[in-house]
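Notes for the one structure printed next.
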Amino acid sequence: MALQSLDIMRRSASPTPAPEARSPMEVAKLIDVTTCIGCKACQVACSEWNDLREDVGSCVGVYDNPIDLSPQAWTVMRFEETEENGKLEWLIRKDGCMHCSDPGCLKACPSPGAIIQYKNGIVDFHQENCIGCGYCVSGCPFNIPRISAQDNKAYKCSLCSDRVAVGQEPACVKTCPTGAIQFGSKEDMKEVAETRIADLKQRGYDNAGLYDPEAVGGTHVMYVLHHADKPNLYSGLPKDPQISPVVKLWKGMLKPVATLGIAAAGLFGFFHYITAGPNRADEDHDEGAQQ
Amino acid sequence: MKEKLIQRYSASERINHWIVAVCFVLLAVSGLAFFYPAFFWLTGIFGTPQLARILHPFIGVVMFLGFFIQFFRYWHHNILNREDVKWMKSVKEVLKGNEVGDIGRYNGGQKGMFWVMTLCLLALIGSGIIAWRPYFAIHFPIPVIRIALLVHSASAVALIASIIVHVYAALWVKGTIRAMVEGVVTHAWAKKHHPKWYREMTSKK
């Protein structure tokens, strides 16, 4: 699974730094929600390339199919009807891993090498090292990883790291018929987004903007939204996603406090014994015996 | 010589204690491995990291059940009284090896330890079940699981530190290990460390 053709930036549960010599450019996938027609070709391409087959589900009255992400569905289109500026709007968002610069999944993962962040920004799960604890699920601010009931391992979008490693774009990008999904260097994608946003603003979408949330260090999957001020409209895309403070406390402060507490208990015992000495009842015993 | 020994723990109490103790060690080893990346190699003790993750919660349930029985064996011996407060206030003197107060079956420190362990075990089983994959975690919302994971590791750390003190106290006070291995203590031990209990035990006969 490990693709050494990609340089590693961070590795889960590995406190020492990864090789630093090379620093390749950051990539990004830009999803222009405003030009998406909801055809689900990206879902099919993902399923084809990654060799995934979700079970046929049942219709629940909405276009979403499959209804949620799963170990067999790494990307799903989410359809939302909403009324903005007195008009009905059909907002369609391709959901999947955002490939955060500061990935909550990687921060939470206890197993060395189960989650890898490449220097190009891709966050990849290496299932052979996954222990199935589900910590990544708790760490993720976007509710993306899914644990398989078959093998108890976590799965999510890999941004087609295998394709990107050999200079190809992700499968969903390759297949998108409207050009709503684009792929390139993060810098270039930001530029593409800027021109698109300027166009949208001209056409009356005053709040059009780029979704590249800062609190997770920016993402390597970005959205162009017509209502960037209300990302929640797009099937609950979080407005200010960040790693939960509970997870930060658990993976941050608690560790030094725990180390101090446990070490204090052990050291206290050791130094008490070599200074105060053992507590014996022998003398009394002897007295008792004499009596 | 046999007359000089007082029975402190029956065989079933000893078996109970050591089942809980062995479970604790296995849980602490695997738990620390999940908590500290530098200790992840400890999962190898269970064969593979995956096996450690699978076994940890089952061992936890065994420990909880074992402790549950112990709780009902001992809770009524662990009600704090004035003598215990006196003991706790003069803990510095106690640490010098000089006993304080007319101590019954357990002293203030032991009673405090009992209640700390009880609280930790309750927090651990509750949070542990919430975070247990694949069986239970799927039924809880993610924010609840996050809190459970924090509570689980914090109470585990508290319990590990407490158990270090518990084990040290048993090593420090000579003759104590024998109570939990052979089940008996000497008259001198009882008279020195638990005078009130000693009187109760000797007056019975």
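Residues in the structure tokens are numbered from 1 in each chain, the chains being A, B, ... in the order shown, and ligands are numbered from 1 in the order shown.
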Task: Close residues, Pro57 in chain B itself excluded, 9 Å, only C-alpha atoms, min 4 positions apart in chain, as a list in words - done: Leu27, Arg53, Val61, Val62, Ile125, Gly128, Ile129 and Trp132 of chain B
Selection from above, N, CA and C atoms, as a tab-separated table (two decimals), in the first residue's frame, can you write it?
```tsv
chain	number	residue	atom	x	y	z
B	27	LEU	N	-4.38	-4.60	30.67
B	27	LEU	CA	-5.08	-3.40	30.18
B	27	LEU	C	-4.16	-2.19	30.18
B	53	ARG	N	-5.97	-4.46	20.21
B	53	ARG	CA	-7.15	-3.59	20.16
B	53	ARG	C	-8.42	-4.40	20.36
B	61	VAL	N	-13.83	-5.88	30.51
B	61	VAL	CA	-15.09	-6.35	31.09
B	61	VAL	C	-14.81	-7.35	32.20
B	62	VAL	N	-13.82	-8.25	31.98
B	62	VAL	CA	-13.47	-9.22	33.02
B	62	VAL	C	-12.99	-8.48	34.27
B	125	ILE	N	-15.40	1.70	32.57
B	125	ILE	CA	-16.34	0.78	31.91
B	125	ILE	C	-17.36	1.57	31.08
B	128	GLY	N	-15.51	3.17	28.15
B	128	GLY	CA	-14.98	2.09	27.33
B	128	GLY	C	-16.05	1.46	26.45
B	129	ILE	N	-17.24	1.29	27.01
B	129	ILE	CA	-18.32	0.71	26.21
B	129	ILE	C	-18.71	1.66	25.08
B	132	TRP	N	-16.27	1.35	22.25
B	132	TRP	CA	-15.95	-0.04	21.84
B	132	TRP	C	-16.44	-0.33	20.44
```
List every residue of chain A that has an atom at most 6 Å from any atom of chain B, and for each one report the closest atom pair and its distance in Å to one decimal, counting only C-alpha atoms, with rows sorted by chain and then by increasing residue number, as CSV.
```
residue,atom,partner,partner_atom,distance
A:Ala13,CA,B:Pro37,CA,4.8
A:Pro110,CA,B:Phe34,CA,5.4
A:Ile131,CA,B:Gln50,CA,4.5
A:Ser138,CA,B:Arg146,CA,5.7
A:Trp250,CA,B:Leu150,CA,5.2
A:Ala258,CA,B:Val157,CA,5.9
A:Ile262,CA,B:Ala161,CA,4.9
A:Ala265,CA,B:Ala161,CA,5.7
A:Pro278,CA,B:Trp172,CA,5.0
A:Asn279,CA,B:Val173,CA,4.7
A:Arg280,CA,B:Lys174,CA,5.3
A:Ala281,CA,B:Trp189,CA,5.2
A:Asp284,CA,B:Ala188,CA,5.7
A:His285,CA,B:Ala188,CA,4.5
```
Dump of N, CA and C atoms for the selected residues, as a compact mmCIF listing (two decimals), in the first residue's frame:
```txt
# COMPACT_ATOMS: atom_id res chain seq x y z
N ALA A 13 1.17 8.55 14.75
CA ALA A 13 1.83 7.97 15.92
C ALA A 13 3.34 7.81 15.74
N PRO A 110 -3.59 6.10 16.73
CA PRO A 110 -2.56 5.58 17.63
C PRO A 110 -1.58 4.62 16.95
N ILE A 131 -5.73 -0.54 13.08
CA ILE A 131 -6.12 -1.50 14.11
C ILE A 131 -7.63 -1.46 14.38
N SER A 138 -13.22 9.94 15.35
CA SER A 138 -13.38 10.99 16.37
C SER A 138 -12.54 12.21 16.03
N TRP A 250 -7.20 15.58 24.61
CA TRP A 250 -6.87 14.15 24.74
C TRP A 250 -5.50 13.85 24.12
N ALA A 258 -0.22 13.18 32.09
CA ALA A 258 -0.21 11.75 32.42
C ALA A 258 1.22 11.29 32.72
N ILE A 262 2.18 9.71 36.34
CA ILE A 262 2.64 8.33 36.48
C ILE A 262 4.10 8.31 36.96
N ALA A 265 4.33 9.16 40.70
CA ALA A 265 3.95 8.04 41.57
C ALA A 265 5.11 7.05 41.69
N PRO A 278 12.02 0.32 54.59
CA PRO A 278 10.80 -0.47 54.71
C PRO A 278 10.12 -0.28 56.07
N ASN A 279 8.84 -0.53 56.08
CA ASN A 279 8.03 -0.41 57.29
C ASN A 279 7.81 -1.82 57.84
N ARG A 280 8.63 -2.18 58.88
CA ARG A 280 8.58 -3.54 59.41
C ARG A 280 7.84 -3.59 60.75
N ALA A 281 7.19 -4.69 60.99
CA ALA A 281 6.51 -4.88 62.27
C ALA A 281 7.29 -5.85 63.14
N ASP A 284 8.01 -5.18 67.16
CA ASP A 284 6.84 -5.44 67.99
C ASP A 284 6.63 -6.94 68.11
N HIS A 285 6.88 -7.60 66.98
CA HIS A 285 6.70 -9.04 66.95
C HIS A 285 7.58 -9.71 68.00
```
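Proximity to Cys160 in chain A was assessed for A:Cys46, A:Val216, A:Ala193, A:Met9 counting only C-alpha atoms; the smallest distance is recorded for A:Cys46.
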Task: Length of the CA of Glu200 in chain B to CA of Gln7 in chain B vector [Å] - done: 12.4 Å
Open item on the list: Can you tell me, as a VMD selection string, which residues in range 16-167 of chain A count as strand (DSSP E or B) by DSSP?
Closed with: chain A and resid 27 to 32 70 73 76 to 84 87 to 95 100 115 to 118 123 to 125 146 to 147 154 to 155
Could those residues be written to a file, using N, CA and C atoms, as a CSV table (one decimal), in the first residue's frame?
```csv
chain,number,residue,atom,x,y,z
A,27,VAL,N,-0.6,19.8,-4.0
A,27,VAL,CA,-1.7,19.7,-5.0
A,27,VAL,C,-3.1,20.0,-4.3
A,28,ALA,N,-4.0,20.2,-5.2
A,28,ALA,CA,-5.4,20.4,-4.6
A,28,ALA,C,-6.4,20.0,-5.7
A,29,LYS,N,-7.6,19.6,-5.2
A,29,LYS,CA,-8.7,19.3,-6.1
A,29,LYS,C,-9.7,20.4,-5.8
A,30,LEU,N,-10.1,21.1,-6.9
A,30,LEU,CA,-11.1,22.2,-6.8
A,30,LEU,C,-12.5,21.7,-7.3
A,31,ILE,N,-13.4,21.7,-6.4
A,31,ILE,CA,-14.8,21.3,-6.8
A,31,ILE,C,-15.7,22.6,-6.9
A,32,ASP,N,-16.0,22.9,-8.1
A,32,ASP,CA,-16.9,24.0,-8.3
A,32,ASP,C,-18.3,23.6,-8.2
A,70,SER,N,-19.1,5.3,2.7
A,70,SER,CA,-18.9,3.9,3.4
A,70,SER,C,-17.6,3.4,2.9
A,73,ALA,N,-17.8,3.4,-0.6
A,73,ALA,CA,-18.2,4.6,-1.3
A,73,ALA,C,-17.4,5.8,-0.7
A,76,VAL,N,-19.6,10.7,-2.2
A,76,VAL,CA,-21.1,10.7,-2.6
A,76,VAL,C,-21.5,12.1,-2.9
A,77,MET,N,-22.5,12.3,-3.8
A,77,MET,CA,-23.1,13.6,-4.1
A,77,MET,C,-24.2,13.8,-3.1
A,78,ARG,N,-24.2,14.9,-2.4
A,78,ARG,CA,-25.2,15.3,-1.5
A,78,ARG,C,-26.1,16.3,-2.1
A,79,PHE,N,-27.4,16.1,-2.2
A,79,PHE,CA,-28.4,17.0,-2.8
A,79,PHE,C,-29.2,17.7,-1.7
A,80,GLU,N,-29.3,19.0,-1.9
A,80,GLU,CA,-30.0,19.8,-0.9
A,80,GLU,C,-30.9,20.8,-1.6
A,81,GLU,N,-32.1,20.9,-1.2
A,81,GLU,CA,-33.0,22.0,-1.8
A,81,GLU,C,-33.1,23.1,-0.8
A,82,THR,N,-32.9,24.3,-1.2
A,82,THR,CA,-33.0,25.4,-0.3
A,82,THR,C,-33.6,26.7,-1.0
A,83,GLU,N,-34.0,27.6,-0.2
A,83,GLU,CA,-34.6,28.8,-0.8
A,83,GLU,C,-33.6,30.0,-0.5
A,84,GLU,N,-33.0,30.6,-1.5
A,84,GLU,CA,-32.1,31.7,-1.3
A,84,GLU,C,-32.6,32.8,-2.2
A,87,LYS,N,-35.6,32.4,-4.3
A,87,LYS,CA,-35.6,31.4,-5.4
A,87,LYS,C,-35.2,30.0,-4.9
A,88,LEU,N,-35.8,29.0,-5.5
A,88,LEU,CA,-35.4,27.6,-5.1
A,88,LEU,C,-34.1,27.3,-5.7
A,89,GLU,N,-33.2,26.8,-4.8
A,89,GLU,CA,-31.9,26.4,-5.3
A,89,GLU,C,-31.6,24.9,-5.0
A,90,TRP,N,-31.0,24.3,-5.9
A,90,TRP,CA,-30.7,22.9,-5.8
A,90,TRP,C,-29.2,22.8,-5.6
A,91,LEU,N,-28.7,22.6,-4.4
A,91,LEU,CA,-27.3,22.6,-4.1
A,91,LEU,C,-26.8,21.2,-4.1
A,92,ILE,N,-25.8,21.0,-4.9
A,92,ILE,CA,-25.3,19.6,-5.0
A,92,ILE,C,-23.8,19.6,-4.6
A,93,ARG,N,-23.4,18.9,-3.6
A,93,ARG,CA,-22.0,18.9,-3.2
A,93,ARG,C,-21.4,17.5,-3.2
A,94,LYS,N,-20.3,17.4,-3.9
A,94,LYS,CA,-19.6,16.1,-3.9
A,94,LYS,C,-18.8,16.0,-2.5
A,95,ASP,N,-19.3,15.1,-1.7
A,95,ASP,CA,-18.7,15.0,-0.3
A,95,ASP,C,-17.6,13.9,-0.4
A,100,CYS,N,-7.1,17.6,4.8
A,100,CYS,CA,-6.7,18.8,5.6
A,100,CYS,C,-5.1,18.9,5.7
A,115,ILE,N,-1.9,6.2,9.1
A,115,ILE,CA,-2.3,7.3,8.3
A,115,ILE,C,-1.1,8.1,7.9
A,116,ILE,N,-1.0,8.4,6.6
A,116,ILE,CA,0.2,9.1,6.1
A,116,ILE,C,-0.3,10.4,5.4
A,117,GLN,N,0.4,11.5,5.7
A,117,GLN,CA,0.2,12.7,5.0
A,117,GLN,C,1.4,12.9,4.1
A,118,TYR,N,1.2,12.9,2.8
A,118,TYR,CA,2.2,13.2,1.8
A,118,TYR,C,2.6,14.6,1.7
A,123,VAL,N,-3.8,13.0,2.2
A,123,VAL,CA,-3.8,12.2,3.5
A,123,VAL,C,-4.4,10.9,3.1
A,124,ASP,N,-3.6,9.8,3.4
A,124,ASP,CA,-3.9,8.5,2.9
A,124,ASP,C,-4.0,7.5,4.1
A,125,PHE,N,-4.9,6.6,4.0
A,125,PHE,CA,-5.0,5.6,5.0
A,125,PHE,C,-4.3,4.3,4.5
A,146,ARG,N,-14.8,5.9,7.5
A,146,ARG,CA,-15.8,4.9,7.8
A,146,ARG,C,-15.1,3.6,8.1
A,147,ILE,N,-15.5,2.9,9.2
A,147,ILE,CA,-14.9,1.6,9.5
A,147,ILE,C,-15.7,0.5,8.9
A,154,ALA,N,-10.4,1.3,8.6
A,154,ALA,CA,-10.9,2.6,8.2
A,154,ALA,C,-10.6,2.8,6.7
A,155,TYR,N,-11.6,3.4,6.0
A,155,TYR,CA,-11.5,3.7,4.6
A,155,TYR,C,-12.0,5.1,4.3
```
Task: DSSP alpha helix (DSSP H) residues within range 4-204 of chain B, listed as an NGL selection string - done: :B and (11-35 or 49-74 or 82-89 or 91-95 or 108-131 or 142-172 or 176-181 or 187-193 or 195-204)
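Excluding Tyr74 in chain B and any residue on its chain fewer than 3 positions from it, the residues at most 12 Å away by only C-alpha atoms are Tyr9, Glu13, His17, Phe67, Phe68, Ile69, Gln70, Phe71, His77, Asn78, Ile79, Arg105, Tyr106, Gln110, Lys111, Phe114, Trp115 and Thr118 of chain B.
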Limited to C-alpha atoms, could you put the picked residues into a file as an mmCIF file, in the first residue's frame?
```
data_model
loop_
_atom_site.group_PDB
_atom_site.id
_atom_site.type_symbol
_atom_site.label_atom_id
_atom_site.label_comp_id
_atom_site.auth_asym_id
_atom_site.auth_seq_id
_atom_site.Cartn_x
_atom_site.Cartn_y
_atom_site.Cartn_z
ATOM 1 C CA TYR B 9 -7.967 -12.884 52.912
ATOM 2 C CA GLU B 13 -10.729 -13.265 47.855
ATOM 3 C CA HIS B 17 -7.799 -10.043 43.593
ATOM 4 C CA PHE B 67 -13.801 -5.540 40.709
ATOM 5 C CA PHE B 68 -17.588 -5.454 40.959
ATOM 6 C CA ILE B 69 -17.453 -8.535 43.209
ATOM 7 C CA GLN B 70 -14.640 -6.969 45.224
ATOM 8 C CA PHE B 71 -16.670 -3.808 45.636
ATOM 9 C CA HIS B 77 -15.081 -1.878 55.381
ATOM 10 C CA ASN B 78 -14.282 1.331 53.545
ATOM 11 C CA ILE B 79 -16.640 3.884 55.084
ATOM 12 C CA ARG B 105 -9.378 -3.330 58.869
ATOM 13 C CA TYR B 106 -8.296 -0.542 56.527
ATOM 14 C CA GLN B 110 -6.530 2.270 51.789
ATOM 15 C CA LYS B 111 -10.105 3.521 52.010
ATOM 16 C CA PHE B 114 -10.795 1.912 47.347
ATOM 17 C CA TRP B 115 -13.056 4.802 46.371
ATOM 18 C CA THR B 118 -14.263 2.457 42.268
#
```
Task: Contacts of Thr175 in chain A within 9 Å, only C-alpha atoms, excl. fewer than 6 positions in-chain, as a PyMOL selection string - done: chain A and resi 41-42+44-45+181
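If you measure from each of A:Val33, A:Gly96, A:Cys136, A:Val246 to Ala108 in chain A using only C-alpha atoms, the closest one turns out to be A:Cys136.
Coordinates place CA of Val181 in chain B at a distance of 21.8 Å from CA of Tyr273 in chain A.
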Range 228-232 of chain A: which residues within 10 Å, counting only C-alpha atoms, same-chain residues fewer than 6 positions away excluded, as a PDB file with N, CA and C atoms, in the first residue's frame?
```pdb
ATOM      1  N   TYR A 205     -24.123  36.660  -7.404  1.00  0.00           N
ATOM      2  CA  TYR A 205     -23.829  35.881  -6.190  1.00  0.00           C
ATOM      3  C   TYR A 205     -22.767  36.633  -5.382  1.00  0.00           C
ATOM      4  N   ASP A 206     -23.255  37.610  -4.589  1.00  0.00           N
ATOM      5  CA  ASP A 206     -22.330  38.496  -3.885  1.00  0.00           C
ATOM      6  C   ASP A 206     -21.464  37.758  -2.870  1.00  0.00           C
ATOM      7  N   ASN A 207     -21.984  36.654  -2.357  1.00  0.00           N
ATOM      8  CA  ASN A 207     -21.250  35.935  -1.304  1.00  0.00           C
ATOM      9  C   ASN A 207     -20.483  34.728  -1.836  1.00  0.00           C
ATOM     10  N   ALA A 208     -20.320  34.684  -3.148  1.00  0.00           N
ATOM     11  CA  ALA A 208     -19.557  33.567  -3.724  1.00  0.00           C
ATOM     12  C   ALA A 208     -18.139  33.595  -3.163  1.00  0.00           C
ATOM     13  N   GLY A 209     -17.584  32.413  -2.946  1.00  0.00           N
ATOM     14  CA  GLY A 209     -16.240  32.380  -2.380  1.00  0.00           C
ATOM     15  C   GLY A 209     -15.638  30.991  -2.371  1.00  0.00           C
ATOM     16  N   LEU A 210     -14.397  30.931  -1.921  1.00  0.00           N
ATOM     17  CA  LEU A 210     -13.651  29.676  -1.889  1.00  0.00           C
ATOM     18  C   LEU A 210     -13.738  29.081  -0.478  1.00  0.00           C
ATOM     19  N   TYR A 211     -13.973  27.791  -0.403  1.00  0.00           N
ATOM     20  CA  TYR A 211     -14.000  27.085   0.882  1.00  0.00           C
ATOM     21  C   TYR A 211     -12.662  26.369   1.062  1.00  0.00           C
ATOM     22  N   PRO A 238     -19.400  22.168   7.367  1.00  0.00           N
ATOM     23  CA  PRO A 238     -19.204  22.991   8.570  1.00  0.00           C
ATOM     24  C   PRO A 238     -18.633  24.373   8.247  1.00  0.00           C
ATOM     25  N   LYS A 239     -19.127  25.391   8.966  1.00  0.00           N
ATOM     26  CA  LYS A 239     -18.720  26.772   8.689  1.00  0.00           C
ATOM     27  C   LYS A 239     -17.274  27.009   9.127  1.00  0.00           C
ATOM     28  N   ASP A 240     -16.946  26.538  10.309  1.00  0.00           N
ATOM     29  CA  ASP A 240     -15.576  26.757  10.784  1.00  0.00           C
ATOM     30  C   ASP A 240     -15.025  25.447  11.336  1.00  0.00           C
TER      31      ASP A 240
END
```
